[in-house]
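A quick write-up on the structure given underneath.
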Amino acid sequence: MPAIVLVGAQWGDEGKGKATDLLGSRIDYVVKFNGGNNAGHTVVVGGEKYALHLLPSGILTPGVTPVIANGVVVDLGVLFEELDALEARGVDTSKLVVSSNAHLIPRYNKVIDQVSERFLGQRKIGTTGRGIGPTYADKMNRIGIRVQDIFDESILRQKVEAALELKNQLLVKTYNRRAIEVDEVVEDLLQYAERLRPMVADTSLLLSKALDADEVVLCEAGQATLLDVDHGTYPYVTSSNAISAGACTGAGIPPTSIDRVIAILKAFTTRVGEGPFPTELHDEVGDTLREIGHEFGTTTGRPRRVGWLDVVIGRYAARVNGVTDFVVTKLDNLDTFDEIPVCVAYEVDGKRFDEMPENQTDFHHAKPVYEMLPGWKQDITGCRTFEDLPENAQKYILFVEEQIGARISAIGVGPGRDEIIQRHELV
Ligand code: GDP
Ligand code: IMO
Ligand code: MG
C-alpha cells in the first residue's frame with residue numbers, strides 16, 4: 001500500500017488535524033514529518049475538544065501507530081506534557097514511536113527565538129517562539145542535538161558544549177542576555193532519557209517495512225504550503241519543508257512510495273504572524289469572519305488574520321504538492337454572507353497575474369481580483385451529501401474545483417468528526 005501525504009494548502013490552520021482524524025480508522029501509521037510544537041491542531045471527538053501541538057493528530061484514533069519522524073524538532077518537555085494530558089483523558093499513547101534522528105529543541109534555542117524576534121523589531125517574523133527556527137538552523141549548521149544523543153551523556157555534553165560556545169557569544173554579546181550553563185542544558189535533556197528510550201526507533205526502517213507489508217501510512221504535514229521554507233512566502237515562513245516533498249526527507253520514505261496527496265483548503269484564508277496576505281480583510285467583515293470561524297491561534301492564542309479565499313494560492317498548492325484530492329474545510333463559516341468574493345488573480349501595478357508572482361515585492365503589492373459568488377444564506381451543518389447542500393454552496397465548490405484544477409473530495413461543514421461531506425474516497 002503506498003503512502004498518503006496530507007498537507008495544508010494555505011498558511012496553516014486549515015483543519016489538517018480534523019482531516020487526519022477523519023482518515024483515522026483506515027490508516028495504520030500516522031507520521032509527523034516536519035515542524036514541532038509550533039503546530040496547533042484542534043480536533044473535536046464526541047463533543048470533546050483536543051488541542052495537539054507536537055503529537056500527530058492520529059494519536060486520537062485507537063489502533064493507529066503515531067510516529068514522530070526524523071524531520072521533526074522535538075521539545076521533550078512538551079512531548080511528555082502532551083502525552084500525560086492525553087493519558088489523563090483516557091487516550092492510549094503507548095504506541096508512539098520517535099525517530100532516533102529527530103532533533104531536540106534545547107532550551108537555549110527557545111531563548112534565542114524569542115530574543116531575536118525582539119531584536120528584529122519591525123522586521124520580525126512573528127514566530128511562535130518555540131525555538132523552531134534556531135533548532136533547524138543548528139541542524140543545517142551541524143551543531144544540532146539529536147534524540148539519540150541523550151542516551152550517551154558524554155557525547156551529549158560535548159555537543160552541548162560546542163553549541164553553547166557559539167550560542168553564548170550570541171546571547172551575551174549581541175542580545176545582552178546571560179550566558180547559559182552547559183550543566184543546566186544537559187540535565188534538562190537527560191531527565192527525559194529513561195522515559196524516552198523505549199519509544200525510540202529507526203522510523204524510516206519501520207515505515208519501509210510497513211509499506212512493504214501493505215499497511216497504510218499517512219504522513220501529516222505541520223504548517224502549510226505558503227509557510228514552507230523553500231516554496232512559501234520567504235522570509236515569512238517556518239524553517240522546514242511543509243509541502244508534500246517534505247515527507248520524503250522528513251520521514252525517510254522514497255517519492256515512489258507516495259501515490260496520494262491530500263491538501264486541506266479552508267473556504268477562506270487565515271494567517272498567523274507577519275508577511276504578505278493579498279486578500280486580508282481589515283474591516284468589520286474580517287472581524288465577523290474571525291468570530292464565526294473562532295480564528296484564534298491554538299498555539300499562541302493570537303487572533304488570526306483573516307481574508308477571503310484565494311484560488312491563486314489553491315492553484316499553486318495543487319502544483320507544488322502534486323495534489324490528488326482537496327478537502328475544503330469550514331464551508332459552514334460562510335453560511336451567513338450575501339455575497340462571497342473569491343480571489344482569482346492579482347493585479348500588480350496594472351499587470352494581471354494568474355499564478356503566484358515569483359518576485360516577493362510583487363506579491364507584497366498584489367491586489368486581489370475578485371469574482372463575486374452568491375451566498376446560500378442557510379445553515380449547512382446538517383448536510384451530509386453534496387446534493388444536500390444548497391445550490392449556491394454547490395456552485396461555490398464547483399467553481400473552486402475548476403479554478404484550482406484538482407478534485408474536491410470532501411467538504412467540512414462543522415468541527416465534529418462526522419460533520420463532513422464525502423464525494424470521493426480518500427484512502
Ligand atoms: P490545523 O492546524 O490545520 O490542524 O487546524 P487548526 O486545528 O489549527 O484549526 C482548524 C479549526 O477549524 C479547528 O478548531 C477545527 O475544529 C475547526 N474545523 C475543522 N474543520 C471544520 C469545518 O469544516 N467546519 C468548522 N466550523 N470548523 C472546522
Ligand atoms: P499548524 O500546523 C499557522 C507561523 C508563525 C510564524 C511563522 C514562523 O497549526 O497549521 P515558527 O515558530 O514556525 O518559526 O514561526 O510560521 N506558523 C504557523 N501558522 N499554523 C501553524 O501550524 C504554524 N506554525 C508556524 O505564526 O508566522
Ligand atoms: Mg493549527
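Please note that chains go A, B, ... in the order of the C-alpha cells, that every chain numbers its residues from 1, and that ligands are numbered from 1 in the order shown.
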
Exercise answer, 8 Å around ligand 3 with only C-alpha atoms and all ligand atoms, as an MDAnalysis selection string: chainID A and resid 12:17 39:42 223 297:299

Expected selection as a ChimeraX atom specification for ligand 2 within 7 Å, only C-alpha atoms and all ligand atoms: /A:8,11-14,38-41,125-133,222-224,227,236-239,271-274

Every residue of region 64-145 of chain A that DSSP places in alpha helix (DSSP H), as a ChimeraX atom specification: /A:76-88,107-120,132-141

7 Å contact set for Ala9 (chain A), only C-alpha atoms, chain neighbours under 4 positions out, as a PyMOL selection string: chain A and resi 224-225+263-265+314+317

Go ahead and dump the residues you just picked, C-alpha atoms, as a PDB file, in the first residue's frame.
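What landed in selection32.pdb:
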```
ATOM      1  CA  ALA A 224       1.417  24.604   5.200  1.00  0.00           C
ATOM      2  CA  THR A 225       2.484  25.292   1.613  1.00  0.00           C
ATOM      3  CA  ALA A 263      -4.421  19.117   0.565  1.00  0.00           C
ATOM      4  CA  ILE A 264      -6.618  20.884   3.063  1.00  0.00           C
ATOM      5  CA  LEU A 265      -8.040  24.160   1.811  1.00  0.00           C
ATOM      6  CA  GLY A 314      -5.042  26.999  -4.301  1.00  0.00           C
ATOM      7  CA  ALA A 317      -0.664  24.447  -3.745  1.00  0.00           C
TER       8      ALA A 317
END
```

Atomic separation - CA of Glu82 (chain A) relative to CA of Ser100 (chain A), Å: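 Taking CA of Ser100 (chain A) and CA of Glu82 (chain A), their separation equals 19.4 Å.
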
Residues within 6 Å of region 360-370 of chain A, only C-alpha atoms, excluding chain neighbours under 6 positions, as number ranges by chain: A: 276, 278, 341-348

Take the selection from the previous step and output its residues with N, CA, C and O atoms, as a CSV table (one decimal), in the first residue's frame.
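out-v3.csv, freshly written:
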```csv
chain,number,residue,atom,x,y,z
A,276,PRO,N,3.1,38.9,3.7
A,276,PRO,CA,2.1,39.4,2.8
A,276,PRO,C,0.8,38.5,2.8
A,276,PRO,O,0.9,37.3,3.0
A,278,PRO,N,-2.6,38.9,0.3
A,278,PRO,CA,-3.4,39.8,-0.6
A,278,PRO,C,-4.9,39.9,-0.2
A,278,PRO,O,-5.4,41.0,-0.4
A,341,PRO,N,-16.8,36.9,-2.1
A,341,PRO,CA,-15.7,37.1,-3.0
A,341,PRO,C,-14.7,36.0,-3.0
A,341,PRO,O,-14.3,35.5,-2.0
A,342,VAL,N,-14.2,35.6,-4.2
A,342,VAL,CA,-13.2,34.7,-4.3
A,342,VAL,C,-12.1,35.3,-5.2
A,342,VAL,O,-12.4,35.8,-6.3
A,343,CYS,N,-10.9,35.3,-4.7
A,343,CYS,CA,-9.8,36.0,-5.5
A,343,CYS,C,-9.3,35.0,-6.5
A,343,CYS,O,-8.8,33.9,-6.2
A,344,VAL,N,-9.4,35.4,-7.8
A,344,VAL,CA,-9.0,34.5,-8.9
A,344,VAL,C,-7.7,34.9,-9.6
A,344,VAL,O,-7.2,34.2,-10.4
A,345,ALA,N,-7.2,36.1,-9.3
A,345,ALA,CA,-5.9,36.6,-9.9
A,345,ALA,C,-5.5,37.8,-9.1
A,345,ALA,O,-6.2,38.3,-8.2
A,346,TYR,N,-4.3,38.3,-9.4
A,346,TYR,CA,-3.8,39.5,-8.7
A,346,TYR,C,-3.5,40.6,-9.8
A,346,TYR,O,-3.3,40.3,-10.9
A,347,GLU,N,-3.6,41.8,-9.3
A,347,GLU,CA,-3.1,42.9,-10.1
A,347,GLU,C,-2.0,43.6,-9.4
A,347,GLU,O,-2.1,43.9,-8.2
A,348,VAL,N,-0.9,43.7,-10.1
A,348,VAL,CA,0.3,44.4,-9.6
A,348,VAL,C,0.7,45.5,-10.6
A,348,VAL,O,1.1,45.2,-11.7
```

Nearest to ligand 1 by atom-to-atom distance, counting only C-alpha atoms and all ligand atoms, from A:Ala267, A:Val427, A:Ala393, A:Ile59: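 Smallest separation from ligand 1 among the options: A:Ala267.
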
Pick from A:Glu117, A:Glu358, A:Asp138, A:Glu295 nearest to ligand 1, counting only C-alpha atoms and all ligand atoms: A:Glu295

Backbone-only DSSP, strand (DSSP E or B) members of region 176-359 of chain A, as a PyMOL selection string: chain A and resi 200-201+217-220+258-266+269-271+280+296+303+305-307+309-310+325-329+339-348+351-353

CA of Tyr136 (chain A) to CA of Thr249 (chain A), distance in Å rounded to a single decimal: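 For CA of Tyr136 (chain A) relative to CA of Thr249 (chain A), the distance reads 13.7 Å.
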
Among listed residues A:Pro415, A:Pro254, A:Gly24, A:Gly63, nearest Gly293 (chain A) (using only C-alpha atoms):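 Counting only C-alpha atoms, the residue closest to Gly293 (chain A) is A:Pro415.
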
For region 202-218 of chain A: contacts at 10 Å, only C-alpha atoms, fewer than 5 positions along chain excluded, given as a PyMOL selection string: chain A and resi 1-6+20+23-24+26-32+58+64-70+97-102+247-254+257-258+260-261+427

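One distance worth recording is that between CA of Arg352 (chain A) and CA of Ile243 (chain A), which is 26.4 Å.
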
From A:Asp418, A:Glu81, A:Glu387, A:Glu401, residue lying nearest Thr324 (chain A) [only C-alpha atoms]: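 Residue with the minimum atom-to-atom distance to Thr324 (chain A): A:Glu401.
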
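Counting only C-alpha atoms, the residue from A:Ile404, A:Ile420, A:Ala88, A:Val7 that sits nearest to Ala245 (chain A) is A:Val7.
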
For Gly416 (chain A): contacts at 12 Å, only C-alpha atoms, fewer than 3 positions along chain excluded, given as a PyMOL selection string: chain A and resi 15+17-19+21-22+42-50+329-330+381-382+412-413+419-421

Counting only C-alpha atoms and all ligand atoms, the residue of A:Gln191, A:Thr135, A:Ser57, A:Asn37 that sits nearest ligand 1: A:Ser57
